[in-house]
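What follows is the content of data_37.txt (compact mmCIF, N, CA and C atoms).
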# COMPACT_ATOMS: atom_id res chain seq x y z
N MET A 12 28.14 -74.58 217.07
CA MET A 12 29.57 -74.26 217.11
C MET A 12 29.76 -72.76 217.31
N MET A 13 30.36 -72.37 218.41
CA MET A 13 30.56 -70.95 218.70
C MET A 13 31.91 -70.48 218.14
N VAL A 14 31.86 -69.39 217.41
CA VAL A 14 33.09 -68.82 216.86
C VAL A 14 33.29 -67.47 217.52
N THR A 15 34.47 -67.20 218.02
CA THR A 15 34.75 -65.88 218.59
C THR A 15 35.55 -65.07 217.59
N LEU A 16 34.99 -63.91 217.24
CA LEU A 16 35.67 -63.06 216.27
C LEU A 16 36.74 -62.23 216.96
N PRO A 17 37.95 -62.18 216.39
CA PRO A 17 38.92 -61.20 216.87
C PRO A 17 38.33 -59.81 216.66
N PRO A 18 38.54 -58.88 217.59
CA PRO A 18 37.87 -57.57 217.50
C PRO A 18 38.18 -56.81 216.21
N ASP A 19 39.35 -57.03 215.62
CA ASP A 19 39.70 -56.26 214.42
C ASP A 19 39.52 -57.09 213.15
N TYR A 20 38.75 -58.18 213.24
CA TYR A 20 38.60 -59.09 212.09
C TYR A 20 37.89 -58.41 210.93
N ARG A 21 38.43 -58.61 209.73
CA ARG A 21 37.78 -58.19 208.49
C ARG A 21 37.88 -59.36 207.52
N PRO A 22 36.77 -59.74 206.88
CA PRO A 22 36.85 -60.83 205.89
C PRO A 22 37.82 -60.46 204.78
N SER A 23 38.60 -61.43 204.31
CA SER A 23 39.49 -61.13 203.20
C SER A 23 39.45 -62.28 202.19
N ASP A 24 39.86 -61.96 200.95
CA ASP A 24 39.77 -62.95 199.87
C ASP A 24 40.79 -64.07 200.00
N ASP A 25 41.78 -63.91 200.91
CA ASP A 25 42.78 -64.97 200.99
C ASP A 25 42.45 -66.03 202.04
N GLU A 26 41.18 -66.05 202.48
CA GLU A 26 40.74 -67.15 203.34
C GLU A 26 39.56 -67.83 202.64
N GLY A 27 39.18 -68.98 203.11
CA GLY A 27 38.07 -69.69 202.49
C GLY A 27 36.80 -68.86 202.52
N PHE A 28 36.10 -68.79 201.37
CA PHE A 28 34.88 -67.99 201.28
C PHE A 28 33.82 -68.58 202.21
N MET A 29 33.24 -67.73 203.05
CA MET A 29 32.20 -68.11 204.00
C MET A 29 32.67 -69.18 204.98
N ASN A 30 33.95 -69.06 205.39
CA ASN A 30 34.44 -69.91 206.47
C ASN A 30 33.73 -69.48 207.76
N PRO A 31 33.89 -70.24 208.85
CA PRO A 31 33.14 -69.91 210.07
C PRO A 31 33.35 -68.46 210.55
N LEU A 32 34.57 -67.91 210.41
CA LEU A 32 34.80 -66.53 210.84
C LEU A 32 34.00 -65.54 209.99
N GLN A 33 34.01 -65.74 208.68
CA GLN A 33 33.26 -64.84 207.81
C GLN A 33 31.77 -64.93 208.11
N LEU A 34 31.27 -66.14 208.29
CA LEU A 34 29.85 -66.30 208.59
C LEU A 34 29.49 -65.57 209.88
N GLU A 35 30.32 -65.72 210.89
CA GLU A 35 30.06 -65.07 212.17
C GLU A 35 30.14 -63.55 212.02
N TYR A 36 31.11 -63.08 211.24
CA TYR A 36 31.26 -61.65 210.99
C TYR A 36 29.97 -61.08 210.38
N PHE A 37 29.46 -61.74 209.34
CA PHE A 37 28.26 -61.22 208.68
C PHE A 37 27.02 -61.42 209.56
N ARG A 38 27.00 -62.49 210.35
CA ARG A 38 25.88 -62.71 211.27
C ARG A 38 25.80 -61.53 212.25
N GLN A 39 26.95 -61.15 212.81
CA GLN A 39 26.97 -60.04 213.77
C GLN A 39 26.61 -58.72 213.10
N LYS A 40 27.13 -58.53 211.88
CA LYS A 40 26.82 -57.31 211.12
C LYS A 40 25.30 -57.20 210.88
N LEU A 41 24.69 -58.31 210.50
CA LEU A 41 23.25 -58.33 210.25
C LEU A 41 22.46 -58.07 211.54
N LEU A 42 22.89 -58.70 212.63
CA LEU A 42 22.19 -58.52 213.91
C LEU A 42 22.28 -57.08 214.40
N LYS A 43 23.47 -56.47 214.23
CA LYS A 43 23.67 -55.09 214.64
C LYS A 43 22.76 -54.15 213.84
N TRP A 44 22.71 -54.38 212.52
CA TRP A 44 21.89 -53.56 211.63
C TRP A 44 20.41 -53.70 212.02
N ARG A 45 20.00 -54.93 212.30
CA ARG A 45 18.62 -55.22 212.68
C ARG A 45 18.27 -54.48 213.97
N ALA A 46 19.17 -54.52 214.94
CA ALA A 46 18.93 -53.85 216.22
C ALA A 46 18.79 -52.34 216.03
N GLU A 47 19.64 -51.76 215.16
CA GLU A 47 19.55 -50.32 214.87
C GLU A 47 18.20 -49.96 214.27
N LEU A 48 17.76 -50.78 213.30
CA LEU A 48 16.48 -50.51 212.65
C LEU A 48 15.34 -50.59 213.66
N LEU A 49 15.40 -51.58 214.54
CA LEU A 49 14.35 -51.72 215.55
C LEU A 49 14.35 -50.54 216.51
N ARG A 50 15.55 -50.09 216.88
CA ARG A 50 15.66 -48.94 217.77
C ARG A 50 15.05 -47.70 217.11
N GLU A 51 15.37 -47.49 215.83
CA GLU A 51 14.81 -46.34 215.11
C GLU A 51 13.30 -46.46 215.00
N ALA A 52 12.81 -47.68 214.72
CA ALA A 52 11.38 -47.90 214.59
C ALA A 52 10.68 -47.57 215.90
N ASP A 53 11.29 -47.93 217.03
CA ASP A 53 10.71 -47.58 218.33
C ASP A 53 10.62 -46.07 218.47
N GLY A 54 11.65 -45.38 217.99
CA GLY A 54 11.64 -43.91 218.03
C GLY A 54 10.50 -43.33 217.24
N THR A 55 10.28 -43.82 216.01
CA THR A 55 9.18 -43.28 215.20
C THR A 55 7.85 -43.61 215.84
N LEU A 56 7.73 -44.83 216.38
CA LEU A 56 6.47 -45.20 217.03
C LEU A 56 6.16 -44.24 218.17
N ALA A 57 7.18 -43.94 218.97
CA ALA A 57 6.98 -43.03 220.10
C ALA A 57 6.50 -41.67 219.61
N SER A 58 7.15 -41.14 218.57
CA SER A 58 6.75 -39.81 218.12
C SER A 58 5.40 -39.86 217.40
N LEU A 59 5.07 -41.00 216.78
CA LEU A 59 3.77 -41.11 216.12
C LEU A 59 2.65 -41.16 217.15
N SER A 60 2.93 -41.80 218.30
CA SER A 60 1.85 -41.97 219.27
C SER A 60 1.74 -40.78 220.20
N GLU A 61 2.56 -39.75 219.96
CA GLU A 61 2.45 -38.56 220.81
C GLU A 61 1.16 -37.81 220.55
N GLY A 62 0.22 -38.51 219.96
CA GLY A 62 -1.12 -37.94 219.88
C GLY A 62 -1.44 -37.35 218.53
N GLY A 63 -2.68 -36.92 218.44
CA GLY A 63 -3.21 -36.41 217.18
C GLY A 63 -2.57 -35.10 216.80
N ILE A 64 -3.11 -34.52 215.78
CA ILE A 64 -2.55 -33.28 215.26
C ILE A 64 -3.27 -32.11 215.94
N HIS A 65 -2.52 -31.33 216.72
CA HIS A 65 -3.13 -30.23 217.48
C HIS A 65 -2.91 -28.88 216.82
N GLU A 66 -2.10 -28.85 215.75
CA GLU A 66 -1.77 -27.55 215.16
C GLU A 66 -3.03 -26.92 214.57
N SER A 67 -3.27 -25.67 214.96
CA SER A 67 -4.47 -25.00 214.45
C SER A 67 -4.17 -24.37 213.08
N ASP A 68 -2.94 -23.92 212.92
CA ASP A 68 -2.55 -23.29 211.66
C ASP A 68 -2.50 -24.35 210.56
N ILE A 69 -3.16 -24.06 209.46
CA ILE A 69 -3.28 -25.05 208.38
C ILE A 69 -1.92 -25.48 207.82
N THR A 70 -0.95 -24.53 207.72
CA THR A 70 0.36 -24.91 207.19
C THR A 70 1.11 -25.79 208.18
N ASP A 71 0.97 -25.50 209.48
CA ASP A 71 1.59 -26.37 210.49
C ASP A 71 1.02 -27.77 210.38
N ARG A 72 -0.30 -27.83 210.25
CA ARG A 72 -0.96 -29.13 210.19
C ARG A 72 -0.47 -29.90 208.96
N ALA A 73 -0.37 -29.20 207.84
CA ALA A 73 0.09 -29.86 206.62
C ALA A 73 1.50 -30.41 206.81
N SER A 74 2.35 -29.62 207.47
CA SER A 74 3.73 -30.08 207.62
C SER A 74 3.79 -31.26 208.60
N VAL A 75 2.95 -31.25 209.63
CA VAL A 75 2.90 -32.38 210.56
C VAL A 75 2.43 -33.64 209.82
N GLU A 76 1.42 -33.47 208.96
CA GLU A 76 0.91 -34.63 208.23
C GLU A 76 1.94 -35.16 207.25
N THR A 77 2.71 -34.26 206.63
CA THR A 77 3.78 -34.69 205.72
C THR A 77 4.85 -35.46 206.48
N ASP A 78 5.24 -34.92 207.66
CA ASP A 78 6.23 -35.61 208.49
C ASP A 78 5.73 -37.01 208.85
N ARG A 79 4.48 -37.07 209.23
CA ARG A 79 3.91 -38.34 209.65
C ARG A 79 3.90 -39.35 208.50
N ALA A 80 3.52 -38.90 207.30
CA ALA A 80 3.51 -39.79 206.13
C ALA A 80 4.93 -40.29 205.86
N LEU A 81 5.90 -39.39 206.00
CA LEU A 81 7.29 -39.77 205.78
C LEU A 81 7.73 -40.81 206.81
N GLU A 82 7.35 -40.58 208.07
CA GLU A 82 7.71 -41.53 209.13
C GLU A 82 7.12 -42.91 208.86
N LEU A 83 5.86 -42.93 208.40
CA LEU A 83 5.21 -44.21 208.13
C LEU A 83 5.91 -44.92 206.97
N ARG A 84 6.29 -44.15 205.95
CA ARG A 84 7.02 -44.74 204.82
C ARG A 84 8.36 -45.30 205.28
N THR A 85 9.03 -44.53 206.13
CA THR A 85 10.32 -44.95 206.66
C THR A 85 10.15 -46.24 207.46
N ARG A 86 9.10 -46.28 208.28
CA ARG A 86 8.84 -47.49 209.07
C ARG A 86 8.57 -48.69 208.18
N ASP A 87 7.83 -48.46 207.10
CA ASP A 87 7.53 -49.55 206.17
C ASP A 87 8.81 -50.06 205.54
N ARG A 88 9.70 -49.13 205.14
CA ARG A 88 11.00 -49.53 204.57
C ARG A 88 11.80 -50.32 205.59
N ALA A 89 11.80 -49.85 206.84
CA ALA A 89 12.55 -50.53 207.89
C ALA A 89 12.00 -51.94 208.09
N ARG A 90 10.67 -52.06 208.06
CA ARG A 90 10.05 -53.38 208.25
C ARG A 90 10.48 -54.35 207.13
N LYS A 91 10.47 -53.85 205.90
CA LYS A 91 10.89 -54.69 204.77
C LYS A 91 12.36 -55.08 204.91
N LEU A 92 13.19 -54.11 205.33
CA LEU A 92 14.61 -54.39 205.52
C LEU A 92 14.82 -55.45 206.61
N ILE A 93 14.08 -55.30 207.71
CA ILE A 93 14.22 -56.25 208.81
C ILE A 93 13.86 -57.65 208.32
N SER A 94 12.84 -57.76 207.50
CA SER A 94 12.47 -59.09 207.01
C SER A 94 13.56 -59.64 206.08
N LYS A 95 14.20 -58.77 205.29
CA LYS A 95 15.32 -59.23 204.45
C LYS A 95 16.52 -59.63 205.30
N ILE A 96 16.73 -58.90 206.40
CA ILE A 96 17.83 -59.25 207.31
C ILE A 96 17.54 -60.61 207.95
N ASP A 97 16.28 -60.83 208.35
CA ASP A 97 15.91 -62.13 208.93
C ASP A 97 16.17 -63.26 207.94
N GLN A 98 15.82 -63.03 206.67
CA GLN A 98 16.08 -64.05 205.65
C GLN A 98 17.58 -64.30 205.50
N ALA A 99 18.36 -63.22 205.53
CA ALA A 99 19.82 -63.37 205.42
C ALA A 99 20.36 -64.16 206.61
N LEU A 100 19.84 -63.89 207.81
CA LEU A 100 20.28 -64.62 208.99
C LEU A 100 19.93 -66.11 208.86
N GLN A 101 18.79 -66.41 208.26
CA GLN A 101 18.43 -67.81 208.02
C GLN A 101 19.41 -68.47 207.06
N ARG A 102 19.83 -67.70 206.04
CA ARG A 102 20.81 -68.25 205.10
C ARG A 102 22.15 -68.49 205.78
N VAL A 103 22.50 -67.63 206.76
CA VAL A 103 23.73 -67.85 207.53
C VAL A 103 23.59 -69.20 208.26
N GLU A 104 22.42 -69.42 208.87
CA GLU A 104 22.18 -70.66 209.62
C GLU A 104 22.25 -71.89 208.72
N ASN A 105 21.63 -71.79 207.53
CA ASN A 105 21.55 -73.01 206.71
C ASN A 105 22.71 -73.15 205.73
N GLY A 106 23.67 -72.23 205.80
CA GLY A 106 24.88 -72.39 205.00
C GLY A 106 24.80 -71.89 203.57
N SER A 107 23.69 -71.22 203.20
CA SER A 107 23.60 -70.73 201.82
C SER A 107 23.97 -69.25 201.72
N TYR A 108 24.30 -68.62 202.86
CA TYR A 108 24.62 -67.18 202.85
C TYR A 108 25.87 -66.90 202.03
N GLY A 109 25.81 -65.81 201.26
CA GLY A 109 26.99 -65.38 200.51
C GLY A 109 27.07 -65.95 199.10
N TYR A 110 26.10 -66.83 198.78
CA TYR A 110 26.10 -67.43 197.45
C TYR A 110 24.89 -66.94 196.66
N CYS A 111 25.11 -66.68 195.38
CA CYS A 111 24.05 -66.17 194.50
C CYS A 111 22.91 -67.18 194.41
N GLU A 112 21.68 -66.69 194.60
CA GLU A 112 20.50 -67.56 194.51
C GLU A 112 20.34 -68.17 193.12
N GLU A 113 20.85 -67.48 192.11
CA GLU A 113 20.65 -67.98 190.75
C GLU A 113 21.79 -68.87 190.28
N SER A 114 23.02 -68.39 190.45
CA SER A 114 24.15 -69.12 189.87
C SER A 114 24.84 -70.02 190.87
N GLY A 115 24.60 -69.78 192.17
CA GLY A 115 25.32 -70.54 193.18
C GLY A 115 26.76 -70.06 193.36
N GLU A 116 27.15 -69.04 192.58
CA GLU A 116 28.51 -68.49 192.69
C GLU A 116 28.62 -67.63 193.96
N PRO A 117 29.84 -67.50 194.51
CA PRO A 117 30.01 -66.56 195.62
C PRO A 117 29.61 -65.15 195.20
N ILE A 118 28.90 -64.45 196.06
CA ILE A 118 28.46 -63.08 195.77
C ILE A 118 29.65 -62.13 195.82
N GLY A 119 30.62 -62.41 196.67
CA GLY A 119 31.79 -61.55 196.76
C GLY A 119 31.75 -60.71 198.03
N LEU A 120 32.91 -60.61 198.68
CA LEU A 120 32.98 -59.95 199.99
C LEU A 120 32.67 -58.46 199.91
N LYS A 121 33.17 -57.78 198.87
CA LYS A 121 32.94 -56.33 198.79
C LYS A 121 31.45 -56.02 198.69
N ARG A 122 30.76 -56.81 197.88
CA ARG A 122 29.32 -56.60 197.70
C ARG A 122 28.58 -56.90 199.01
N LEU A 123 28.96 -57.98 199.68
CA LEU A 123 28.29 -58.34 200.94
C LEU A 123 28.60 -57.32 202.03
N GLU A 124 29.81 -56.78 202.00
CA GLU A 124 30.20 -55.76 202.97
C GLU A 124 29.29 -54.54 202.78
N ALA A 125 29.05 -54.17 201.52
CA ALA A 125 28.23 -52.99 201.21
C ALA A 125 26.74 -53.28 201.38
N ARG A 126 26.34 -54.50 201.05
CA ARG A 126 24.92 -54.87 201.11
C ARG A 126 24.79 -56.29 201.67
N PRO A 127 24.85 -56.41 202.99
CA PRO A 127 24.88 -57.75 203.61
C PRO A 127 23.64 -58.59 203.34
N ILE A 128 22.56 -57.97 202.81
CA ILE A 128 21.36 -58.77 202.52
C ILE A 128 21.30 -59.19 201.05
N ALA A 129 22.38 -58.93 200.30
CA ALA A 129 22.37 -59.28 198.87
C ALA A 129 22.13 -60.78 198.69
N THR A 130 21.30 -61.12 197.69
CA THR A 130 21.06 -62.53 197.38
C THR A 130 21.55 -62.89 195.98
N LEU A 131 21.96 -61.88 195.23
CA LEU A 131 22.41 -62.12 193.85
C LEU A 131 23.83 -61.58 193.67
N SER A 132 24.60 -62.26 192.84
CA SER A 132 25.90 -61.73 192.48
C SER A 132 25.68 -60.47 191.64
N ILE A 133 26.73 -59.66 191.49
CA ILE A 133 26.63 -58.45 190.67
C ILE A 133 26.10 -58.79 189.27
N GLU A 134 26.64 -59.86 188.68
CA GLU A 134 26.24 -60.23 187.32
C GLU A 134 24.75 -60.55 187.26
N ALA A 135 24.27 -61.35 188.20
CA ALA A 135 22.85 -61.72 188.21
C ALA A 135 21.98 -60.49 188.45
N GLN A 136 22.44 -59.62 189.35
CA GLN A 136 21.71 -58.39 189.65
C GLN A 136 21.58 -57.53 188.40
N GLU A 137 22.70 -57.39 187.65
CA GLU A 137 22.67 -56.58 186.43
C GLU A 137 21.75 -57.19 185.39
N ARG A 138 21.77 -58.53 185.29
CA ARG A 138 20.85 -59.22 184.37
C ARG A 138 19.41 -58.87 184.72
N HIS A 139 19.08 -58.94 186.01
CA HIS A 139 17.72 -58.62 186.47
C HIS A 139 17.34 -57.21 186.10
N GLU A 140 18.26 -56.27 186.34
CA GLU A 140 17.95 -54.87 186.06
C GLU A 140 17.76 -54.65 184.56
N ARG A 141 18.56 -55.33 183.74
CA ARG A 141 18.38 -55.21 182.29
C ARG A 141 17.02 -55.75 181.89
N MET A 142 16.64 -56.91 182.44
CA MET A 142 15.34 -57.50 182.13
C MET A 142 14.21 -56.54 182.54
N GLU A 143 14.34 -55.97 183.73
CA GLU A 143 13.30 -55.03 184.20
C GLU A 143 13.18 -53.85 183.26
N ARG A 144 14.33 -53.32 182.79
CA ARG A 144 14.30 -52.18 181.88
C ARG A 144 13.59 -52.56 180.60
N VAL A 145 13.92 -53.72 180.06
CA VAL A 145 13.32 -54.17 178.80
C VAL A 145 11.80 -54.27 178.98
N HIS A 146 11.37 -54.89 180.07
CA HIS A 146 9.93 -55.08 180.28
C HIS A 146 9.23 -53.76 180.60
N ARG A 147 9.96 -52.84 181.25
CA ARG A 147 9.37 -51.56 181.58
C ARG A 147 9.14 -50.74 180.29
N ASP A 148 10.03 -50.92 179.33
CA ASP A 148 9.92 -50.12 178.09
C ASP A 148 8.83 -50.62 177.15
N ASP A 149 8.29 -51.82 177.44
CA ASP A 149 7.24 -52.37 176.55
C ASP A 149 6.02 -51.46 176.49

Take the structure from the file and write it as structure tokens.
Amino acid sequence: MMVTLPPDYRPSDDEGFMNPLQLEYFRQKLLKWRAELLREADGTLASLSEGGIHESDITDRASVETDRALELRTRDRARKLISKIDQALQRVENGSYGYCEESGEPIGLKRLEARPIATLSIEAQERHERMERVHRDD
């Protein structure tokens, strides 16, 4: 079923939660984000493959190596994000997108707008963070 989004469409609370328009809106948002991450990753790959470290000055070399480590970390983060985006897109397909994995409650539009890959409602997320703090303090 193809849904065409009006260009100025914004999900709102006065329509059915995760109706076809909202699903399409978040699907496009996720796809756009994914494409941006891939484009950036291509950029880092290009600059990483521009060859070995030619700087003779030890401080230059250190700064190049630091930049490179940062780029690799950034790429790793992007890869993890892309996989979370892919999972979110699967949830859009199977109809579970926008609902908390734990409670089954709607996650809420504001939270999804801010973090389209969210899988937990705010309440469930806070519970998790409290549990992590408790276990971390042991």

Which value, in Å to one decimal, gives the distance between atom N of Gln33 (chain A) and CA of Glu137 (chain A)?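 That distance, rounded to one decimal, is 26.6 Å.
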
Just give me the gap between CA of Phe37 (chain A) and atom N of Glu82 (chain A) in Å, one decimal is fine. 29.4 Å

Selected residue, from A:Gly119, A:Pro127, A:Gly54, A:Pro22, that lies nearest to Arg38 (chain A) when counting only C-alpha atoms: A:Pro127

May I have the centre and edge lengths, in Å to one decimal, of an axis-aligned box around the listed atoms of region 129-133 of chain A with 8 Å added to every side, as lines of an AutoDock Vina configuration file?
center_x = 23.9
center_y = -60.7
center_z = 194.8
size_x = 21.7
size_y = 20.4
size_z = 27.0

Show me, as a VMD selection string, the residues that have an atom within 5 Å of Cys111 (chain A) when counting all atoms listed in the file, minus same-chain residues fewer than 4 positions from it. chain A and resid 115 to 118 130 to 132

May I ask which of the residues A:Arg138, A:Ala89, A:Arg144, A:Gly109 is the closest one to Trp44 (chain A), counting only C-alpha atoms? A:Ala89

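We find atom C of Asp87 (chain A) and atom N of Arg122 (chain A) to be spaced 24.2 Å apart.
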
Mind listing the alpha helix (DSSP H) residues of chain A, per DSSP on the backbone, as a PyMOL selection string? chain A and resi 31-59+69-105+120-125+133-148
